[in-house]
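*Asks:* So here's structure.txt (compact mmCIF, C-alpha atoms and all ligand atoms).
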```
# COMPACT_ATOMS: atom_id res chain seq x y z
CA MET A 836 -95.14 -32.24 3.78
CA ALA A 837 -95.68 -35.18 6.08
CA THR A 838 -94.48 -35.26 9.68
CA PRO A 839 -93.80 -38.56 11.46
CA HIS A 840 -97.40 -38.59 12.68
CA ILE A 841 -99.46 -36.58 10.20
CA LYS A 842 -99.46 -37.37 6.47
CA ALA A 843 -100.98 -34.24 4.97
CA GLU A 844 -100.07 -31.11 3.05
CA ARG A 845 -99.87 -27.64 4.50
CA GLY A 846 -103.30 -26.20 3.77
CA ASP A 847 -105.05 -29.48 4.49
CA PHE A 848 -105.81 -28.30 8.03
CA ALA A 849 -107.77 -25.23 9.06
CA ASP A 850 -106.25 -22.77 11.51
CA THR A 851 -108.70 -24.11 14.06
CA VAL A 852 -108.60 -27.74 15.17
CA LEU A 853 -111.00 -29.40 17.57
CA MET A 854 -109.24 -32.29 19.24
CA PRO A 855 -110.90 -35.21 21.01
CA GLY A 856 -108.72 -37.93 22.47
CA ASP A 857 -110.62 -40.61 20.58
CA PRO A 858 -110.19 -40.64 16.78
CA LEU A 859 -113.66 -42.17 16.46
CA ARG A 860 -115.05 -39.11 18.21
CA ALA A 861 -113.21 -37.04 15.60
CA ARG A 862 -114.99 -38.98 12.87
CA TYR A 863 -118.32 -38.54 14.67
CA ILE A 864 -117.79 -34.77 14.93
CA ALA A 865 -116.87 -34.53 11.24
CA ASP A 866 -119.89 -36.63 10.20
CA THR A 867 -122.32 -34.83 12.48
CA PHE A 868 -121.26 -31.20 12.51
CA LEU A 869 -119.07 -30.44 9.50
CA GLU A 870 -120.10 -29.97 5.89
CA ASP A 871 -117.97 -31.37 3.07
CA ALA A 872 -115.64 -33.01 5.57
CA ARG A 873 -112.67 -34.80 4.01
CA LEU A 874 -110.17 -37.09 5.66
CA VAL A 875 -106.79 -35.36 5.91
CA ASN A 876 -104.92 -37.75 8.20
CA ASP A 877 -105.11 -41.43 9.01
CA VAL A 878 -101.60 -42.19 10.19
CA ARG A 879 -101.98 -44.66 13.09
CA ASN A 880 -105.75 -44.30 12.55
CA MET A 881 -105.52 -40.92 14.25
CA TYR A 882 -108.22 -39.55 12.00
CA GLY A 883 -108.16 -35.89 11.03
CA TYR A 884 -110.85 -34.19 8.95
CA THR A 885 -111.35 -30.73 7.50
CA GLY A 886 -114.73 -29.33 6.58
CA THR A 887 -116.86 -26.31 7.29
CA TYR A 888 -119.15 -25.32 10.12
CA ARG A 889 -121.64 -22.62 9.14
CA GLY A 890 -119.25 -21.64 6.37
CA ARG A 891 -116.14 -21.52 8.57
CA GLU A 892 -113.33 -23.98 7.77
CA ILE A 893 -112.67 -26.18 10.79
CA SER A 894 -110.54 -29.27 11.32
CA VAL A 895 -111.05 -32.01 13.84
CA MET A 896 -108.42 -34.57 14.74
CA GLY A 897 -107.89 -37.12 17.51
CA HIS A 898 -104.94 -36.61 19.84
CA GLY A 899 -104.79 -39.95 21.60
CA MET A 900 -104.47 -40.48 25.32
CA GLY A 901 -102.08 -38.70 27.62
CA ILE A 902 -99.82 -35.67 27.53
CA PRO A 903 -97.05 -37.26 25.41
CA SER A 904 -99.56 -38.08 22.67
CA VAL A 905 -101.39 -34.74 22.62
CA SER A 906 -98.04 -32.94 22.72
CA ILE A 907 -96.89 -34.61 19.51
CA TYR A 908 -100.04 -33.82 17.55
CA ALA A 909 -100.48 -30.29 18.90
CA LYS A 910 -96.86 -29.39 18.18
CA GLU A 911 -96.97 -30.73 14.62
CA LEU A 912 -100.32 -29.07 13.89
CA ILE A 913 -99.01 -25.71 15.06
CA THR A 914 -95.52 -25.70 13.59
CA GLU A 915 -96.09 -27.68 10.36
CA PHE A 916 -99.75 -27.17 9.50
CA GLY A 917 -100.45 -23.62 10.67
CA ALA A 918 -102.90 -24.36 13.50
CA LYS A 919 -103.54 -21.31 15.65
CA ARG A 920 -106.46 -22.43 17.82
CA LEU A 921 -106.56 -25.88 19.37
CA VAL A 922 -109.59 -26.87 21.38
CA ARG A 923 -109.58 -30.18 23.18
CA VAL A 924 -113.09 -31.62 23.27
CA GLY A 925 -112.66 -34.43 25.75
CA SER A 926 -114.14 -36.58 28.41
CA CYS A 927 -113.21 -36.36 32.07
CA GLY A 928 -113.93 -37.82 35.46
CA ALA A 929 -115.64 -35.89 38.24
CA VAL A 930 -114.59 -35.77 41.86
CA ARG A 931 -116.84 -33.05 43.30
CA ASP A 932 -120.37 -33.74 44.51
CA ASP A 933 -121.75 -30.84 42.47
CA VAL A 934 -120.25 -32.11 39.17
CA LYS A 935 -122.22 -34.96 37.62
CA VAL A 936 -122.01 -37.33 34.64
CA ARG A 937 -122.80 -35.46 31.38
CA ASP A 938 -121.97 -32.06 32.93
CA VAL A 939 -119.74 -29.85 30.79
CA VAL A 940 -116.60 -28.34 32.30
CA ILE A 941 -113.98 -25.94 30.95
CA GLY A 942 -110.36 -26.13 32.05
CA LEU A 943 -109.50 -22.52 32.81
CA GLY A 944 -106.32 -23.90 34.34
CA ALA A 945 -104.76 -27.35 34.37
CA SER A 946 -102.92 -28.79 37.35
CA THR A 947 -100.93 -31.93 36.74
CA ASP A 948 -98.58 -34.56 38.12
CA SER A 949 -96.74 -34.52 34.79
CA SER A 950 -93.30 -32.91 34.60
CA VAL A 951 -93.56 -31.73 30.98
CA ASN A 952 -94.11 -28.07 31.76
CA ARG A 953 -91.26 -28.07 34.24
CA SER A 954 -89.10 -29.58 31.49
CA ARG A 955 -89.93 -26.70 29.19
CA PHE A 956 -89.98 -23.98 31.92
CA ARG A 957 -86.51 -24.45 33.44
CA GLY A 958 -87.76 -26.57 36.36
CA LEU A 959 -90.17 -23.90 37.56
CA ASP A 960 -93.95 -24.17 37.98
CA PHE A 961 -95.59 -22.97 34.76
CA ALA A 962 -99.24 -21.97 35.26
CA ALA A 963 -100.94 -23.94 32.48
CA ILE A 964 -103.95 -21.86 31.49
CA ALA A 965 -106.50 -21.75 28.71
CA ASP A 966 -106.70 -18.84 26.32
CA PHE A 967 -108.92 -16.26 27.99
CA GLU A 968 -110.83 -15.21 24.88
CA LEU A 969 -111.58 -18.79 23.82
CA THR A 970 -112.81 -19.47 27.34
CA ARG A 971 -114.96 -16.35 27.42
CA HIS A 972 -116.51 -17.12 24.05
CA SER A 973 -117.19 -20.71 25.10
CA VAL A 974 -118.93 -19.55 28.28
CA ASP A 975 -121.02 -17.11 26.23
CA ALA A 976 -121.84 -19.78 23.63
CA ALA A 977 -122.90 -22.19 26.37
CA ALA A 978 -125.16 -19.56 27.91
CA GLU A 979 -126.83 -18.93 24.55
CA LEU A 980 -127.32 -22.67 24.03
CA GLY A 981 -128.76 -22.98 27.54
CA VAL A 982 -126.06 -25.38 28.72
CA ALA A 983 -124.63 -24.93 32.20
CA VAL A 984 -120.83 -25.13 32.31
CA LYS A 985 -118.46 -25.21 35.24
CA VAL A 986 -115.21 -23.33 34.63
CA GLY A 987 -112.19 -24.02 36.79
CA ASN A 988 -109.11 -26.04 37.42
CA ILE A 989 -108.82 -29.37 35.64
CA PHE A 990 -106.35 -32.04 36.75
CA SER A 991 -104.37 -33.66 33.92
CA ALA A 992 -103.20 -37.01 35.30
CA ASP A 993 -100.33 -39.02 33.88
CA LEU A 994 -101.93 -42.18 35.22
CA PHE A 995 -105.51 -43.18 34.48
CA TYR A 996 -105.21 -45.88 37.16
CA HIS A 997 -103.65 -43.79 39.92
CA PRO A 998 -102.15 -45.73 42.82
CA ASP A 999 -102.85 -43.00 45.40
CA PRO A 1000 -106.56 -42.98 46.33
CA ALA A 1001 -106.01 -40.00 48.66
CA LEU A 1002 -105.31 -37.81 45.62
CA VAL A 1003 -109.05 -37.72 44.91
CA GLU A 1004 -109.71 -36.16 48.32
CA THR A 1005 -107.07 -33.51 47.66
CA MET A 1006 -108.63 -32.76 44.29
CA ARG A 1007 -112.04 -32.39 45.95
CA ASP A 1008 -110.55 -30.09 48.60
CA TYR A 1009 -109.02 -27.90 45.89
CA GLY A 1010 -112.18 -27.73 43.78
CA ILE A 1011 -110.90 -29.57 40.71
CA VAL A 1012 -113.73 -29.53 38.13
CA GLY A 1013 -112.60 -32.59 36.17
CA VAL A 1014 -109.84 -35.16 35.85
CA GLU A 1015 -108.45 -35.96 32.43
CA MET A 1016 -105.04 -36.59 30.87
CA GLU A 1017 -104.04 -33.85 28.40
CA ALA A 1018 -105.01 -30.23 29.13
CA ALA A 1019 -101.84 -29.25 31.01
CA GLY A 1020 -99.70 -30.58 28.16
CA LEU A 1021 -101.81 -28.91 25.48
CA TYR A 1022 -101.58 -25.57 27.27
CA GLY A 1023 -97.82 -25.97 27.60
CA VAL A 1024 -97.38 -26.73 23.90
CA ALA A 1025 -99.61 -23.79 22.94
CA ALA A 1026 -97.56 -21.45 25.12
CA GLU A 1027 -94.27 -22.78 23.76
CA PHE A 1028 -95.26 -22.44 20.10
CA GLY A 1029 -97.48 -19.36 20.25
CA ALA A 1030 -100.93 -20.85 19.67
CA ARG A 1031 -104.18 -20.48 21.60
CA ALA A 1032 -105.72 -23.45 23.37
CA MET A 1033 -108.66 -24.44 25.52
CA THR A 1034 -110.11 -27.63 26.94
CA ILE A 1035 -113.79 -28.40 27.26
CA CYS A 1036 -114.86 -31.78 28.59
CA THR A 1037 -118.02 -33.72 29.21
CA VAL A 1038 -118.02 -35.74 32.41
CA SER A 1039 -118.00 -39.41 31.46
CA ASP A 1040 -117.73 -40.88 34.94
CA HIS A 1041 -117.81 -39.94 38.57
CA ILE A 1042 -114.72 -41.19 40.34
CA VAL A 1043 -116.34 -41.02 43.79
CA ASN A 1044 -119.90 -42.27 43.27
CA GLY A 1045 -119.15 -44.63 40.33
CA ASP A 1046 -121.66 -43.24 37.78
CA SER A 1047 -120.35 -43.70 34.21
CA LEU A 1048 -121.07 -43.64 30.47
CA SER A 1049 -120.22 -46.44 28.04
CA SER A 1050 -117.37 -46.10 25.50
CA ASP A 1051 -120.01 -45.83 22.74
CA ASP A 1052 -121.63 -42.93 24.58
CA ARG A 1053 -118.24 -41.31 24.95
CA ALA A 1054 -117.72 -41.51 21.18
CA THR A 1055 -121.09 -40.22 20.09
CA THR A 1056 -123.12 -38.34 22.69
CA PHE A 1057 -121.20 -35.22 23.52
CA ASP A 1058 -123.17 -32.99 21.15
CA GLU A 1059 -123.78 -30.11 23.57
CA MET A 1060 -120.07 -29.74 24.18
CA MET A 1061 -119.31 -29.86 20.43
CA LYS A 1062 -121.88 -27.17 19.70
CA ILE A 1063 -120.42 -24.95 22.42
CA ALA A 1064 -116.92 -25.38 21.00
CA LEU A 1065 -117.99 -24.73 17.41
CA GLU A 1066 -120.14 -21.72 18.24
CA ALA A 1067 -117.32 -20.34 20.40
CA MET A 1068 -115.03 -20.40 17.35
CA LEU A 1069 -117.49 -18.27 15.40
CA ARG A 1070 -117.76 -15.84 18.29
CA ASP A 1071 -113.99 -15.68 18.52
CA ASP A 1072 -113.76 -14.98 14.77
CA ALA A 1073 -116.28 -12.15 15.13
CA ALA A 1074 -114.40 -10.66 18.07
CA MET A 1075 -111.13 -10.77 16.14
CA ARG A 1076 -112.76 -9.03 13.17
CA ASN A 1077 -114.25 -6.34 15.42
CA PRO A 1078 -112.01 -5.90 18.45
CA ALA A 1079 -113.72 -3.94 21.26
O1 LIG A 1101 -112.06 -39.02 26.03
P1 LIG A 1101 -110.72 -38.34 25.89
O2 LIG A 1101 -110.81 -37.07 25.14
O3 LIG A 1101 -109.66 -39.27 25.33
O4 LIG A 1101 -110.23 -37.92 27.37
C1 LIG A 1101 -110.08 -38.78 28.50
O5 LIG A 1101 -110.25 -40.15 28.20
C2 LIG A 1101 -108.99 -40.83 28.15
C3 LIG A 1101 -108.92 -41.84 29.24
O6 LIG A 1101 -109.95 -42.75 29.13
C4 LIG A 1101 -107.92 -39.74 28.31
O7 LIG A 1101 -107.49 -39.31 27.06
C5 LIG A 1101 -108.68 -38.70 29.07
O8 LIG A 1101 -108.16 -37.38 28.99
O1 LIG A 1102 -108.79 -39.33 32.30
C1 LIG A 1102 -109.90 -39.62 32.74
C2 LIG A 1102 -111.07 -39.60 31.94
C3 LIG A 1102 -112.26 -39.94 32.49
N1 LIG A 1102 -112.29 -40.30 33.79
C4 LIG A 1102 -111.20 -40.32 34.55
O2 LIG A 1102 -111.26 -40.67 35.71
N2 LIG A 1102 -110.03 -39.98 34.01
```
Output the file's structure as structure tokens, nothing else.
Ligand SMILES: O=P(O)(O)O[C@H]1O[C@H](CO)[C@@H](O)[C@H]1O
Ligand SMILES: O=c1cc[nH]c(=O)[nH]1

*Replies:*
Amino acid sequence: MATPHIKAERGDFADTVLMPGDPLRARYIADTFLEDARLVNDVRNMYGYTGTYRGREISVMGHGMGIPSVSIYAKELITEFGAKRLVRVGSCGAVRDDVKVRDVVIGLGASTDSSVNRSRFRGLDFAAIADFELTRHSVDAAAELGVAVKVGNIFSADLFYHPDPALVETMRDYGIVGVEMEAAGLYGVAAEFGARAMTICTVSDHIVNGDSLSSDDRATTFDEMMKIALEAMLRDDAAMRNPA
């Protein structure tokens, strides 16, 4: 049951998919955190794997860079492969002085200069937000793991190399916790197709002071964030089994 971008069968993916932008980070997550991980997609080298984490079936697949790319993969995973929870595990830039390289941030909301959500929401301003329960369970998982997280408004930029330097000042003024390129699109797709989504990112560079991680570090050193995301899924499962 292949789609144009995913060559797999229904049942090859779990209902829960962790999604980094970088397919090599997907491979790293599968190798490091999943048991019995098997490759379920390699179309365009956008690697997808399914395995288990503490007995729970979990998939991980790259989504590429930018809202158009994540929108394709998220839509196909939801409508053709039964995904119900999509968690972007990404990297982002920081603009605020109190957010530093390697900090972990959660995109409770996602502002954007992209028009995709206006396209799907009749030209109006759709509030692109993360699933509340996934966010709550991620915050709780982070607390248990002893990792500080900042939760707030992410900015999903269409342009990595933005021509307007003043935008950074506006983002600082409005308390943006991280700048990346997909969350607003992922939240829009999830809303459109009835799935739950969240974005958690590790800060890879500071746009104002110039601190940064290498591309190798970005592929392989985000373990705290991965553990938070995986443990949050188990907490979310437990809460669904025993609703308060
Ligand atoms: O590291 P990932 O998850 O790809 O996330 C960030 O990195 C890419 C830009 O370098 C964009 O995809 C941006 O959102
Ligand atoms: O999209 C991104 C990712 C990391 N850093 C940025 O400035 N932008």

*Asks:* Ligand LIG 1101 (chain A): which residues are within 7 Å, counting all atoms listed in the file, as a count of residues only?

*Replies:* 15

*Asks:* Any chance you could work out the axis-aligned box around ligand LIG 1102 (chain A), listed atoms only, 4 Å on each side, giving centre and edge lengths in Å to one decimal, as lines of an AutoDock Vina configuration file?

*Replies:*
```
center_x = -110.5
center_y = -40.0
center_z = 33.8
size_x = 11.5
size_y = 9.3
size_z = 11.8
```

*Asks:* Just want the 8 Å neighbourhood of A:Asp1040, counted on all atoms listed in the file, with same-chain residues fewer than 4 positions away dropped. Output as a PyMOL selection string.

*Replies:* chain A and resi 927-929+935-936+1045-1048

*Asks:* Could you jot down the atom CA of A:Leu1069 to atom CA of A:Arg891 separation for me, Å, one decimal place?

*Replies:* 7.7 Å

*Asks:* To one decimal place, how far is atom CA of A:Asn1044 from atom CA of A:His997 in Å?

*Replies:*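 The value is 16.7 Å.
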
*Asks:* Quick one: residues within 8 Å of A:Asp966, all atoms listed in the file counted, chain neighbours fewer than 3 positions away excluded, as a list in words?

*Replies:*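 The filter keeps Leu943, Leu969, Thr970, Arg1031, Ala1032 and Met1033 of chain A.
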
*Asks:* May I have the residues within 12 Å of A:Arg845 as a PyMOL selection string, using all atoms listed in the file and disregarding those fewer than 4 positions away in the same chain?

*Replies:* chain A and resi 836-838+841+849-850+875-876+911-918

*Asks:* Mind listing whatever residues come within 12 Å of the point (-118.7, -30.3, 35.2)? Use all atoms listed in the file, file coordinates, and give them as a ChimeraX atom specification.

*Replies:* /A:925-942,982-989,1010-1014,1035-1041,1060

*Asks:* Rank nothing, just name the residue among A:Tyr996, A:Tyr1009, A:Tyr863, A:Tyr1022 nearest to A:Ala963, using all atoms listed in the file.

*Replies:*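 Residue with the minimum atom-to-atom distance to A:Ala963: A:Tyr1022.
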
*Asks:* Which distance in Å separates atom CA of A:Ser991 and atom CA of A:Arg862, to one decimal?

*Replies:*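 If I compute the distance from atom CA of A:Ser991 to atom CA of A:Arg862, I get 24.2 Å.
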
*Asks:* Given only C-alpha atoms as the basis, pick out the residue of A:Gly981, A:Phe990, A:Glu968, A:Ala861 nearest to A:Met1075.

*Replies:* A:Glu968

*Asks:* So which residues fall inside 6 Å of (-99.0, -43.8, 10.7) if we count all atoms listed in the file? Mind giving them as a ChimeraX atom specification?

*Replies:* /A:840,878-879

*Asks:* Which one of A:Ala1064, A:Met854, A:Arg920, A:Phe868 sits closest to A:Val895 if you count only C-alpha atoms?

*Replies:*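 Of A:Ala1064, A:Met854, A:Arg920, A:Phe868, the one nearest A:Val895, counting only C-alpha atoms, is A:Met854.
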
*Asks:* Between A:Ala1030, A:Met1006, A:Ile864, A:Ile1042, which is the closest to A:Ile893 once you count all atoms listed in the file?

*Replies:*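 Among A:Ala1030, A:Met1006, A:Ile864, A:Ile1042, it is A:Ile864 that comes nearest to A:Ile893.
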
*Asks:* For each of A:Ala1073, A:Leu994, A:Ala976, A:Ala945, take the minimum atom-to-atom distance to ligand LIG 1102 (chain A), counting all atoms listed in the file, then give the residue where this is smallest.

*Replies:* A:Leu994

*Asks:* Smallest atom-to-atom distance to A:Thr867: which of A:Met1061, A:Leu1021, A:Leu1002, A:Ala978, using all atoms listed in the file?

*Replies:*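 Counting all atoms listed in the file, the residue closest to A:Thr867 is A:Met1061.
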
*Asks:* Please identify all polymer residues within 7 Å of A:Tyr884, counting all atoms listed in the file, omitting same-chain residues fewer than 2 positions from it, and present them as a PyMOL selection string.

*Replies:* chain A and resi 865+872-876+882+886+894-896
